[in-house]
Every structure is written in C-alpha cells, then in structure tokens.
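Listing of start35.cif; format and content: mmCIF, C-alpha atoms.
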```cif
data_model
loop_
_atom_site.label_atom_id
_atom_site.label_comp_id
_atom_site.auth_asym_id
_atom_site.auth_seq_id
_atom_site.Cartn_x
_atom_site.Cartn_y
_atom_site.Cartn_z
CA MET A 1 -45.66 -17.34 7.21
CA ARG A 2 -44.28 -14.32 9.02
CA ILE A 3 -44.54 -13.11 12.62
CA LEU A 4 -45.39 -9.43 13.04
CA THR A 5 -43.08 -9.20 16.03
CA ASP A 6 -44.02 -5.66 17.07
CA THR A 7 -47.60 -6.86 17.74
CA LEU A 8 -46.43 -9.15 20.59
CA LYS A 9 -48.55 -8.56 23.69
CA ARG A 10 -48.22 -10.14 27.14
CA LEU A 11 -51.75 -10.86 28.38
CA THR A 12 -50.81 -11.72 31.97
CA ASP A 13 -48.23 -10.65 34.55
CA GLU A 14 -47.11 -13.83 36.32
CA LYS A 15 -43.69 -14.99 37.50
CA TRP A 16 -43.24 -18.47 36.01
CA ILE A 17 -45.48 -18.51 32.96
CA ASN A 18 -47.46 -15.98 30.94
CA LEU A 19 -49.96 -15.94 28.08
CA PHE A 20 -48.90 -13.98 24.99
CA GLU A 21 -50.60 -12.93 21.76
CA VAL A 22 -48.96 -12.15 18.46
CA GLU A 23 -50.14 -11.41 14.93
CA TYR A 24 -48.78 -13.31 11.95
CA ARG A 25 -49.24 -13.10 8.21
CA GLN A 26 -50.55 -16.29 6.58
CA PRO A 27 -49.35 -17.48 3.15
CA SER A 28 -52.61 -16.02 1.70
CA GLY A 29 -51.72 -12.55 3.00
CA ASN A 30 -54.34 -12.64 5.78
CA VAL A 31 -53.23 -11.44 9.19
CA ALA A 32 -54.36 -13.56 12.17
CA LYS A 33 -53.68 -13.77 15.91
CA TRP A 34 -52.20 -16.63 17.94
CA GLN A 35 -52.18 -17.00 21.72
CA PHE A 36 -49.55 -19.10 23.44
CA ALA A 37 -47.90 -19.67 26.82
CA SER A 38 -44.26 -18.94 27.50
CA ARG A 39 -41.86 -19.06 30.43
CA LYS A 40 -39.78 -16.29 28.83
CA ALA A 41 -40.05 -12.60 29.73
CA LYS A 42 -40.08 -11.90 25.99
CA PRO A 43 -40.47 -14.82 23.57
CA LYS A 44 -37.98 -14.87 20.72
CA PHE A 45 -39.20 -15.68 17.24
CA GLY A 46 -37.09 -16.84 14.35
CA SER A 47 -34.61 -19.31 13.05
CA GLY A 48 -31.90 -18.85 15.69
CA PRO A 49 -31.02 -21.73 18.01
CA LEU A 50 -33.20 -22.36 21.09
CA ALA A 51 -31.84 -22.26 24.64
CA PRO A 52 -33.54 -25.12 26.50
CA ASP A 53 -35.91 -24.05 29.30
CA ALA A 54 -35.50 -27.41 30.99
CA VAL A 55 -33.79 -30.80 31.02
CA PHE A 56 -35.50 -34.19 30.85
CA ILE A 57 -33.21 -36.89 32.24
CA VAL A 58 -33.38 -40.61 31.37
CA PRO A 59 -31.08 -42.32 33.93
CA LEU A 60 -29.87 -45.90 34.00
CA LEU A 61 -28.56 -47.12 37.36
CA ALA A 62 -26.28 -50.17 37.49
CA THR A 63 -27.23 -52.41 40.42
CA PRO A 64 -25.97 -55.87 41.51
CA ALA A 65 -29.32 -57.24 40.22
CA GLY A 66 -28.89 -55.60 36.79
CA PRO A 67 -29.66 -52.22 35.22
CA ARG A 68 -32.60 -50.21 36.51
CA LEU A 69 -34.44 -47.37 34.79
CA VAL A 70 -34.92 -44.48 37.24
CA MET A 71 -38.41 -43.05 36.85
CA THR A 72 -40.50 -40.65 38.89
CA ARG A 73 -44.11 -40.68 40.00
CA GLU A 74 -44.76 -37.03 40.71
CA PHE A 75 -47.82 -35.01 41.67
CA ARG A 76 -48.48 -32.39 38.98
CA VAL A 77 -50.74 -29.51 39.96
CA PRO A 78 -52.23 -28.89 36.46
CA LEU A 79 -53.45 -32.52 36.49
CA GLY A 80 -54.29 -32.73 40.18
CA ASP A 81 -52.87 -36.22 39.93
CA TYR A 82 -49.65 -38.20 39.77
CA GLU A 83 -47.70 -38.52 36.52
CA HIS A 84 -45.15 -41.18 35.57
CA SER A 85 -42.15 -39.46 34.08
CA PHE A 86 -38.41 -38.97 34.57
CA PRO A 87 -36.32 -36.60 36.67
CA ALA A 88 -36.62 -33.17 35.05
CA GLY A 89 -36.49 -29.51 35.87
CA LEU A 90 -36.01 -25.96 34.73
CA ARG A 91 -32.55 -24.53 34.11
CA ASP A 92 -31.42 -22.04 36.76
CA GLY A 93 -30.05 -18.86 35.16
CA ASP A 94 -27.23 -19.66 32.77
CA GLU A 95 -26.53 -23.21 33.95
CA THR A 96 -25.12 -25.56 31.31
CA ILE A 97 -27.19 -28.62 30.47
CA GLU A 98 -24.74 -30.80 32.41
CA GLU A 99 -25.03 -28.58 35.49
CA THR A 100 -28.83 -28.71 35.40
CA VAL A 101 -28.79 -32.48 34.90
CA ARG A 102 -26.41 -33.00 37.83
CA ARG A 103 -28.43 -30.71 40.13
CA GLU A 104 -31.91 -31.99 39.23
CA LEU A 105 -30.83 -35.64 39.38
CA ALA A 106 -29.40 -35.08 42.86
CA GLU A 107 -32.43 -33.05 44.05
CA GLU A 108 -35.12 -35.37 42.76
CA THR A 109 -33.46 -38.79 43.18
CA GLY A 110 -30.35 -38.38 45.36
CA LEU A 111 -28.33 -40.07 42.59
CA ALA A 112 -24.99 -38.83 41.23
CA LEU A 113 -24.40 -38.29 37.53
CA THR A 114 -21.50 -40.39 36.21
CA ARG A 115 -21.84 -40.03 32.42
CA ILE A 116 -23.85 -37.96 29.96
CA GLY A 117 -24.82 -39.92 26.86
CA THR A 118 -26.98 -39.06 23.87
CA THR A 119 -28.47 -35.58 24.22
CA SER A 120 -31.20 -34.04 22.09
CA PRO A 121 -31.14 -30.49 20.81
CA PRO A 122 -33.72 -28.31 22.60
CA VAL A 123 -36.97 -30.04 21.61
CA ILE A 124 -40.41 -28.46 21.91
CA ALA A 125 -43.08 -30.05 24.11
CA SER A 126 -46.14 -28.71 22.24
CA ALA A 127 -45.32 -26.02 19.69
CA GLY A 128 -48.90 -24.85 19.12
CA LEU A 129 -49.28 -24.21 22.85
CA SER A 130 -45.91 -22.89 23.93
CA ASP A 131 -42.30 -22.23 22.96
CA GLU A 132 -41.15 -24.31 25.97
CA SER A 133 -38.21 -26.54 25.09
CA ALA A 134 -36.12 -29.14 26.88
CA ALA A 135 -32.95 -31.11 26.23
CA ILE A 136 -33.57 -34.86 26.57
CA VAL A 137 -30.46 -36.34 28.17
CA PHE A 138 -29.69 -40.07 28.56
CA VAL A 139 -27.33 -40.60 31.50
CA ASP A 140 -25.65 -43.14 33.74
CA CYS A 141 -25.69 -42.54 37.47
CA GLU A 142 -24.67 -44.07 40.79
CA GLY A 143 -25.70 -44.03 44.43
CA GLU A 144 -28.66 -44.88 46.63
CA PRO A 145 -31.88 -43.20 45.55
CA HIS A 146 -33.72 -40.97 48.05
CA THR A 147 -35.98 -37.93 47.97
CA ARG A 148 -34.56 -36.02 50.95
CA ASN A 149 -33.37 -33.20 48.65
CA THR A 150 -36.68 -32.46 46.91
CA GLU A 151 -38.22 -29.00 47.20
CA GLN A 152 -41.23 -28.35 49.40
CA SER A 153 -43.39 -27.90 46.27
CA GLU A 154 -42.44 -31.39 45.02
CA ASP A 155 -44.18 -34.65 45.85
CA ILE A 156 -42.05 -37.30 44.13
CA GLU A 157 -41.68 -41.06 44.44
CA ILE A 158 -38.72 -42.77 42.75
CA LEU A 159 -39.24 -45.97 40.80
CA LEU A 160 -36.34 -48.32 39.96
CA LEU A 161 -37.63 -50.56 37.19
CA ASP A 162 -36.17 -53.65 35.58
CA PHE A 163 -36.94 -54.42 31.93
CA ASP A 164 -40.08 -56.47 32.55
CA GLU A 165 -41.46 -53.76 34.84
CA THR A 166 -40.89 -51.06 32.20
CA CYS A 167 -42.85 -53.14 29.64
CA ARG A 168 -45.74 -53.70 32.05
CA LEU A 169 -45.82 -50.03 33.00
CA ARG A 170 -45.86 -48.92 29.32
CA LYS A 171 -48.99 -51.03 28.71
CA SER A 172 -50.74 -49.78 31.86
CA SER A 173 -53.36 -47.03 32.04
CA GLU A 174 -51.28 -44.78 34.30
CA LYS A 175 -50.79 -41.12 33.39
CA PHE A 176 -47.51 -40.54 31.57
CA SER A 177 -45.55 -37.65 30.21
CA ALA A 178 -45.44 -38.03 26.42
CA LYS A 179 -41.65 -38.23 26.47
CA ALA A 180 -41.66 -40.90 29.19
CA TRP A 181 -44.16 -43.12 27.36
CA LEU A 182 -42.01 -42.98 24.20
CA VAL A 183 -38.85 -43.78 26.16
CA LEU A 184 -40.58 -46.85 27.65
CA LEU A 185 -41.71 -47.88 24.15
CA LEU A 186 -38.14 -47.44 22.92
CA PHE A 187 -36.69 -49.81 25.52
CA GLU A 188 -39.55 -52.29 24.98
CA SER A 189 -38.78 -52.26 21.23
CA LEU A 190 -35.08 -52.83 21.91
CA GLY A 191 -35.85 -55.73 24.24
CA ARG A 192 -33.49 -54.62 26.99
CA LEU A 193 -32.46 -51.80 29.32
CA ALA A 194 -29.22 -50.66 27.71
CA TRP A 195 -28.01 -47.83 25.52
CA PRO A 196 -28.14 -48.95 21.88
CA ALA A 197 -24.70 -49.37 20.33
CA CYS A 198 -25.70 -47.10 17.43
CA TRP A 199 -26.08 -44.10 19.76
CA LYS A 200 -22.32 -43.90 20.46
CA MET B 1 -50.55 -32.99 47.77
CA ARG B 2 -54.09 -31.74 47.34
CA ILE B 3 -55.69 -29.25 44.94
CA LEU B 4 -58.00 -26.68 46.53
CA THR B 5 -60.33 -26.87 43.55
CA ASP B 6 -62.63 -24.03 44.61
CA THR B 7 -59.67 -21.62 44.33
CA LEU B 8 -59.39 -22.20 40.55
CA LYS B 9 -59.25 -18.84 38.71
CA ARG B 10 -59.12 -18.20 34.96
CA LEU B 11 -56.68 -15.32 34.43
CA THR B 12 -57.51 -14.72 30.73
CA ASP B 13 -60.52 -14.91 28.46
CA GLU B 14 -59.29 -16.38 25.16
CA LYS B 15 -60.84 -18.91 22.80
CA TRP B 16 -58.16 -21.58 22.29
CA ILE B 17 -56.01 -21.37 25.39
CA ASN B 18 -56.17 -19.69 28.78
CA LEU B 19 -53.97 -19.18 31.82
CA PHE B 20 -55.33 -20.51 35.12
CA GLU B 21 -54.26 -20.30 38.75
CA VAL B 22 -55.06 -22.74 41.52
CA GLU B 23 -54.03 -23.19 45.13
CA TYR B 24 -52.73 -26.51 46.41
CA ARG B 25 -51.69 -27.86 49.80
CA GLN B 26 -48.11 -29.13 49.98
CA PRO B 27 -47.13 -32.22 52.03
CA SER B 28 -45.83 -29.80 54.73
CA GLY B 29 -49.30 -28.22 55.06
CA ASN B 30 -48.27 -25.00 53.29
CA VAL B 31 -50.69 -23.63 50.71
CA ALA B 32 -49.13 -22.37 47.46
CA LYS B 33 -50.30 -21.19 44.04
CA TRP B 34 -49.59 -22.67 40.61
CA GLN B 35 -50.24 -21.06 37.23
CA PHE B 36 -50.74 -23.17 34.13
CA ALA B 37 -52.15 -23.06 30.62
CA SER B 38 -55.14 -25.10 29.51
CA ARG B 39 -57.26 -25.55 26.39
CA LYS B 40 -60.22 -26.54 28.57
CA ALA B 41 -63.01 -24.18 29.64
CA LYS B 42 -62.62 -25.62 33.14
CA PRO B 43 -59.63 -27.85 33.88
CA LYS B 44 -60.45 -31.08 35.69
CA PHE B 45 -58.26 -32.24 38.53
CA GLY B 46 -58.00 -35.72 39.92
CA SER B 47 -57.39 -39.34 39.23
CA GLY B 48 -60.06 -39.87 36.56
CA PRO B 49 -59.02 -40.77 33.02
CA LEU B 50 -57.94 -37.98 30.64
CA ALA B 51 -59.72 -37.24 27.37
CA PRO B 52 -56.98 -36.44 24.84
CA ASP B 53 -56.96 -32.83 23.56
CA ALA B 54 -55.14 -33.92 20.42
CA VAL B 55 -53.69 -36.75 18.38
CA PHE B 56 -50.07 -37.15 17.31
CA ILE B 57 -49.83 -39.46 14.30
CA VAL B 58 -46.75 -41.49 13.29
CA PRO B 59 -47.54 -42.79 9.76
CA LEU B 60 -45.64 -45.33 7.70
CA LEU B 61 -46.37 -45.28 3.96
CA ALA B 62 -45.54 -48.35 1.86
CA THR B 63 -44.00 -47.27 -1.47
CA PRO B 64 -42.46 -49.30 -4.32
CA ALA B 65 -39.06 -48.07 -3.09
CA GLY B 66 -39.71 -49.28 0.48
CA PRO B 67 -41.36 -47.87 3.61
CA ARG B 68 -41.33 -44.13 4.18
CA LEU B 69 -41.87 -42.25 7.43
CA VAL B 70 -44.32 -39.38 6.85
CA MET B 71 -43.10 -36.29 8.72
CA THR B 72 -44.08 -32.64 8.64
CA ARG B 73 -42.07 -29.44 8.56
CA GLU B 74 -44.55 -26.90 9.84
CA PHE B 75 -44.39 -23.23 10.73
CA ARG B 76 -45.26 -22.79 14.41
CA VAL B 77 -46.23 -19.30 15.52
CA PRO B 78 -44.93 -19.57 19.12
CA LEU B 79 -41.48 -20.35 17.66
CA GLY B 80 -41.68 -18.06 14.64
CA ASP B 81 -39.91 -20.88 12.85
CA TYR B 82 -40.41 -24.28 11.26
CA GLU B 83 -40.59 -27.42 13.39
CA HIS B 84 -40.00 -31.02 12.31
CA SER B 85 -42.78 -33.15 13.66
CA PHE B 86 -45.60 -35.47 12.59
CA PRO B 87 -49.18 -34.91 11.45
CA ALA B 88 -51.15 -33.84 14.51
CA GLY B 89 -54.12 -31.82 15.54
CA LEU B 90 -56.80 -31.05 18.08
CA ARG B 91 -59.88 -33.25 18.44
CA ASP B 92 -63.06 -31.65 17.13
CA GLY B 93 -65.90 -31.95 19.66
CA ASP B 94 -66.47 -35.54 20.64
CA GLU B 95 -64.57 -37.18 17.78
CA THR B 96 -63.07 -40.59 18.55
CA ILE B 97 -59.31 -40.90 18.29
CA GLU B 98 -59.68 -42.82 15.02
CA GLU B 99 -61.90 -40.08 13.55
CA THR B 100 -59.42 -37.36 14.47
CA VAL B 101 -56.51 -39.41 13.10
CA ARG B 102 -58.32 -40.02 9.80
CA ARG B 103 -59.31 -36.35 9.43
CA GLU B 104 -55.98 -34.81 10.41
CA LEU B 105 -53.97 -37.24 8.29
CA ALA B 106 -56.13 -36.37 5.26
CA GLU B 107 -56.03 -32.61 5.95
CA GLU B 108 -52.31 -32.32 6.60
CA THR B 109 -50.90 -34.94 4.22
CA GLY B 110 -53.68 -36.02 1.80
CA LEU B 111 -53.02 -39.65 2.85
CA ALA B 112 -55.70 -42.19 3.80
CA LEU B 113 -55.57 -44.15 7.03
CA THR B 114 -55.49 -47.92 6.46
CA ARG B 115 -54.62 -49.28 9.92
CA ILE B 116 -54.33 -48.00 13.46
CA GLY B 117 -51.53 -49.69 15.37
CA THR B 118 -50.08 -49.11 18.82
CA THR B 119 -51.82 -46.20 20.56
CA SER B 120 -50.75 -44.48 23.75
CA PRO B 121 -53.11 -43.46 26.51
CA PRO B 122 -53.55 -39.66 26.65
CA VAL B 123 -50.00 -38.53 27.45
CA ILE B 124 -49.11 -35.09 28.77
CA ALA B 125 -46.80 -32.80 26.80
CA SER B 126 -45.44 -30.78 29.75
CA ALA B 127 -47.31 -31.35 33.00
CA GLY B 128 -45.82 -28.41 34.90
CA LEU B 129 -46.95 -26.04 32.14
CA SER B 130 -50.32 -27.43 31.05
CA ASP B 131 -52.81 -30.27 31.31
CA GLU B 132 -52.70 -30.65 27.50
CA SER B 133 -52.66 -34.31 26.48
CA ALA B 134 -52.47 -36.22 23.22
CA ALA B 135 -52.82 -39.81 22.06
CA ILE B 136 -49.73 -40.95 20.14
CA VAL B 137 -50.97 -43.20 17.34
CA PHE B 138 -48.78 -45.33 15.05
CA VAL B 139 -50.57 -45.93 11.74
CA ASP B 140 -50.28 -47.32 8.22
CA CYS B 141 -51.60 -45.21 5.37
CA GLU B 142 -51.88 -45.10 1.58
CA GLY B 143 -52.15 -42.57 -1.24
CA GLU B 144 -50.18 -39.73 -2.78
CA PRO B 145 -49.18 -37.07 -0.27
CA HIS B 146 -50.28 -33.47 -0.90
CA THR B 147 -51.11 -30.39 1.17
CA ARG B 148 -54.12 -29.12 -0.79
CA ASN B 149 -56.42 -29.77 2.21
CA THR B 150 -54.48 -27.80 4.82
CA GLU B 151 -56.16 -24.89 6.59
CA GLN B 152 -55.28 -21.30 5.79
CA SER B 153 -53.55 -20.99 9.16
CA GLU B 154 -51.23 -23.92 8.35
CA ASP B 155 -47.91 -23.76 6.50
CA ILE B 156 -46.88 -27.41 6.19
CA GLU B 157 -44.38 -29.30 4.04
CA ILE B 158 -44.56 -33.10 3.95
CA LEU B 159 -41.38 -35.17 4.18
CA LEU B 160 -41.24 -38.81 3.07
CA LEU B 161 -38.11 -40.23 4.66
CA ASP B 162 -36.33 -43.54 4.20
CA PHE B 163 -34.41 -45.07 7.10
CA ASP B 164 -31.06 -43.39 6.35
CA GLU B 165 -32.76 -40.02 6.04
CA THR B 166 -34.48 -40.43 9.43
CA CYS B 167 -31.11 -41.17 11.07
CA ARG B 168 -29.47 -38.13 9.46
CA LEU B 169 -32.37 -35.90 10.44
CA ARG B 170 -32.28 -37.11 14.08
CA LYS B 171 -28.62 -36.07 14.35
CA SER B 172 -29.20 -32.68 12.71
CA SER B 173 -29.65 -29.35 14.48
CA GLU B 174 -33.18 -28.76 13.15
CA LYS B 175 -35.99 -27.83 15.55
CA PHE B 176 -38.03 -30.88 16.57
CA SER B 177 -41.07 -31.62 18.62
CA ALA B 178 -39.95 -33.70 21.62
CA LYS B 179 -42.18 -36.58 20.56
CA ALA B 180 -40.84 -36.53 16.99
CA TRP B 181 -37.20 -36.59 18.09
CA LEU B 182 -37.87 -39.62 20.31
CA VAL B 183 -39.73 -41.42 17.51
CA LEU B 184 -36.72 -40.86 15.21
CA LEU B 185 -34.40 -42.17 17.94
CA LEU B 186 -36.67 -45.21 18.34
CA PHE B 187 -36.43 -46.17 14.65
CA GLU B 188 -32.68 -45.45 14.62
CA SER B 189 -32.27 -47.79 17.60
CA LEU B 190 -34.31 -50.48 15.86
CA GLY B 191 -32.22 -50.17 12.70
CA ARG B 192 -35.21 -50.09 10.35
CA LEU B 193 -38.51 -48.41 9.48
CA ALA B 194 -41.01 -51.05 10.61
CA TRP B 195 -43.32 -51.65 13.52
CA PRO B 196 -41.51 -53.83 16.08
CA ALA B 197 -42.96 -57.34 16.37
CA CYS B 198 -43.34 -56.90 20.14
CA TRP B 199 -45.92 -54.10 19.67
CA LYS B 200 -48.55 -56.48 18.27
#
```

Can you turn what I pasted into structure tokens?
Amino acid sequence: MRILTDTLKRLTDEKWINLFEVEYRQPSGNVAKWQFASRKAKPKFGSGPLAPDAVFIVPLLATPAGPRLVMTREFRVPLGDYEHSFPAGLRDGDETIEETVRRELAEETGLALTRIGTTSPPVIASAGLSDESAAIVFVDCEGEPHTRNTEQSEDIEILLLDFDETCRLRKSSEKFSAKAWLVLLLFESLGRLAWPACWK
Amino acid sequence: MRILTDTLKRLTDEKWINLFEVEYRQPSGNVAKWQFASRKAKPKFGSGPLAPDAVFIVPLLATPAGPRLVMTREFRVPLGDYEHSFPAGLRDGDETIEETVRRELAEETGLALTRIGTTSPPVIASAGLSDESAAIVFVDCEGEPHTRNTEQSEDIEILLLDFDETCRLRKSSEKFSAKAWLVLLLFESLGRLAWPACWK
C-alpha cells in the first residue's frame, strides 16, 4: 500500500479539526481515495515516529482510606452527553508529555503530579477515522481534588473510586471512553488498585 | 451544558465520514461552536444508548503449542503506515454485534468464532473528535488463519503471539491502536494469555 502524498486535499478550513482526502495505491495497483479527520495543519504519512496530539492520564491518589482511581465524568459535545473517562487534553505547542500531564491534571482535577509511571508510545484512537494519537500515562498524584481550574468550555465532575466502585462502574451501562473501559477492566482483572509489579 | 441541536451543520458531503459543527451552551451561559467528525448521516445527541459503529475483536486461538493472541498489522491510510491492532470493522446495516464479529473475524483472519466472551458497551474512541463508538469483544476462535478473504482496500498481516511475544511487542516502539496497547498491557499484568476468572 502506498500513499500518493501529493494528492492530499484539505476539505474544510477549521481551527481545531479538519477533514482531509488522499489517494493511495492498493496492493492490486488500483488507486482509491480515503477521507479522514486530523488535528494537524498537514497530516504526515509514513514510518517516522508520531508526536502525540494529546495525553490520557490514569491517576492513582493515595488517601487515608486507601488508593483511589481519579476518573472524570465530562460532557462531550459530539455525544451531547456525559462520558466516563480520565483526565486528558491536547498538548500545547511543544510541551513535553510530562508538562502536558502536569498541566491537564491540575486544570481538570486540581491534583499535583508526583510520579510518572508506565507511559505508552503515541497510540492511535481510531486509525481508519483519524491520525489522532495520545500518550497513555499512568501517574501518582497528591492533593485535594477540585474543578476550579477547568476551562469555560469544560463541564467536568471528578470521581474518586475505590476498587469495588471501579468494578461496579465497569459493568454499568454508562458511556465510557474506550481507553477508560479497558483501564477499568485491567484493574478488575488484577483484583486491586495498584500498579502491577511487572510494569516497573 | 446543552447542545443547541437545531444549529447542527454538516460541513462536508462525503460517504464514509463527514465534519459537523454544532453550537452548545456552556455552564456560564456563553454559546460556543464545536466541530467534530462523524460516520452518521445525522449525529444524535443526548442520553440515549449508543449503537456501536464498529466492533473491535480480541481473539484467543487455542493451538497445540498453547494459546495465541490473534493480532493484526494493518496499513492505515490516515497514518500512511502499519498499525498493530486487532481484527475490527464497521457494522453493516443492522447487523448484531455477534454477526459483525463473525464476519469481520472471517474476513480479516479466516478464523471462525466459537465463543463470545466479555463485551463492552459501545465505547467512544475519542469523544472530543468524534461520536464514533465500538463494542470491544473478547472471543475464542478456531481454524487456520489466512488473509484470502480481505477486501481489496485492506493490507493486513496476521500475528499469532504467545505470552512472551505479547510482552515484547507491548514494550516496543511500533505503532499501536490505543485499545490494542491497553489489551497487551492487560495480559502482561495478568502474567498469562487467558480470560481472567473474574470476567465470567
């Protein structure tokens, strides 16, 4: 498969996201078109490394009553409804992953990053639809959660869940981000809220 | 937060995916605009249940040498590169989840579905970007893998991985779908390729 990169066309002229079309040559030799969404001014094709568009933060907070998973219940305009997920956000300019994690965690939850743990490479949310990628970052944090720092466009509630609550939530019929549902399933499978020893 | 649904505008006129814009009222009373991508002719907003656009299949194949995780390495046009993921695809018309799973598994891997296990509700890939949702379905399957049934637009290699290979792949710098990377991390954390007893 090969992208005919000089056929790339931007079909819209928006600030945060655009629709693009590009032609590609199939293994048979046929040339076909693909439309996709991108947050980039000019999508890059090829085998080079990705720069993550966003971070997706999975925070554990130590409390006197035991560890709590810090989740969000956030209104998402494309759904017109609330989604259960984790603190997350787009990178500003050339921020490092750690800088974005620290900023978004503080903005969305009021909590302070204390340690960055296992971090994914930039992983793609839905590669048929978009080149959008995010680093998934497991972190420890401290402080008292609040939402006084959220932006005006954000409608976010913070959930501090113990292990039993994460299991009940995973089995519920709430709306979840795909990543969040899998993180809940991961902790349920482990049987506790703690970073697995094998991740170190 | 409230969507002003009668402001919904489709900004493009494509077959598989379009860009939309809608106005919404922020908690402060301000009205703002949001652009997002959707595969739907007319996105639905609100608290009703989602119908999944797609399925994302995590198959285990029993072999004489032990269980193997069935992954894909597929060329994705928006990346212009290969992505490590799992068999997946869009629902055709009003297919049930099981019908889509059976069809996509056969098309992309040549394997036959034998059992549907844990299944997520429709989960959202990237809710700021799109309303696209998928059911994540853990399955058992049988047969000899092959790619003779793939569509002309698909360039897919099948990987049959044992536990050690899944752990090595998770730590590599390959490109992954977000869901696939988390599934690999889940099995790595469990220490084996098997469905956790607690899922039953």

Excluding Thr72 of chain B and any residue of its chain fewer than 2 positions from it, enumerate the residues within 12 Å of it, using all atoms listed in the file, and give them as a compact mmCIF listing (two decimals) with C-alpha atoms, in the frame of the given file.
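Written out: out_29.txt:
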```
# COMPACT_ATOMS: atom_id res chain seq x y z
CA PHE B 56 -50.07 -37.15 17.31
CA ILE B 57 -49.83 -39.46 14.30
CA VAL B 58 -46.75 -41.49 13.29
CA PRO B 59 -47.54 -42.79 9.76
CA LEU B 69 -41.87 -42.25 7.43
CA VAL B 70 -44.32 -39.38 6.85
CA GLU B 74 -44.55 -26.90 9.84
CA PHE B 75 -44.39 -23.23 10.73
CA ARG B 76 -45.26 -22.79 14.41
CA TYR B 82 -40.41 -24.28 11.26
CA GLU B 83 -40.59 -27.42 13.39
CA HIS B 84 -40.00 -31.02 12.31
CA SER B 85 -42.78 -33.15 13.66
CA PHE B 86 -45.60 -35.47 12.59
CA PRO B 87 -49.18 -34.91 11.45
CA ALA B 88 -51.15 -33.84 14.51
CA LEU B 105 -53.97 -37.24 8.29
CA GLU B 108 -52.31 -32.32 6.60
CA THR B 109 -50.90 -34.94 4.22
CA PRO B 145 -49.18 -37.07 -0.27
CA HIS B 146 -50.28 -33.47 -0.90
CA THR B 147 -51.11 -30.39 1.17
CA GLU B 154 -51.23 -23.92 8.35
CA ASP B 155 -47.91 -23.76 6.50
CA ILE B 156 -46.88 -27.41 6.19
CA GLU B 157 -44.38 -29.30 4.04
CA ILE B 158 -44.56 -33.10 3.95
CA LEU B 159 -41.38 -35.17 4.18
CA LEU B 160 -41.24 -38.81 3.07
CA LEU B 161 -38.11 -40.23 4.66
CA LYS B 175 -35.99 -27.83 15.55
CA PHE B 176 -38.03 -30.88 16.57
CA SER B 177 -41.07 -31.62 18.62
CA ALA B 180 -40.84 -36.53 16.99
```

With distances taken over all atoms listed in the file, which of B:Arg103, B:Arg148, B:Arg170, B:Arg2 is nearest to Gly46 of chain B?
B:Arg2

For Arg115 of chain A, find every residue with an atom within 9 Å (counting all atoms listed in the file), except residues of its own chain fewer than 3 positions away, and show them as a PyMOL selection string.
chain A and resi 138-141

Give as a VMD selection string the residues that the PyMOL selection byres ((chain B) within 6 of (chain A)) matches when applied to the coordinates above.
chain B and resid 45 to 47 78 to 81 123 to 125 130 to 131 176 to 178 186

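Coordinates place atom CA of Glu142 of chain A at a distance of 6.0 Å from atom CA of Leu61 of chain A.
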
Give me, please, the distance in Å between atom CA of Leu193 of chain B and atom CA of Pro67 of chain B, quoted to one decimal.
6.5 Å

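One finds atom CA of Ala65 of chain A at 19.0 Å from atom CA of Thr114 of chain A.
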
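All protein, DNA and RNA residues at most 12 Å from (-27.3, -57.3, 36.1) are Leu60, Leu61, Ala62, Thr63, Pro64, Ala65, Gly66, Pro67, Arg68, Asp162, Phe163, Arg192, Leu193 and Ala194 of chain A, using all atoms listed in the file.
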
Would you kindly return, as a ChimeraX atom specification, each protein, DNA or RNA residue with an atom no farther than 9 Å from any atom of Gly143 of chain A, considering all atoms listed in the file and excluding same-chain residues fewer than 6 positions away?
/A:61,110-112
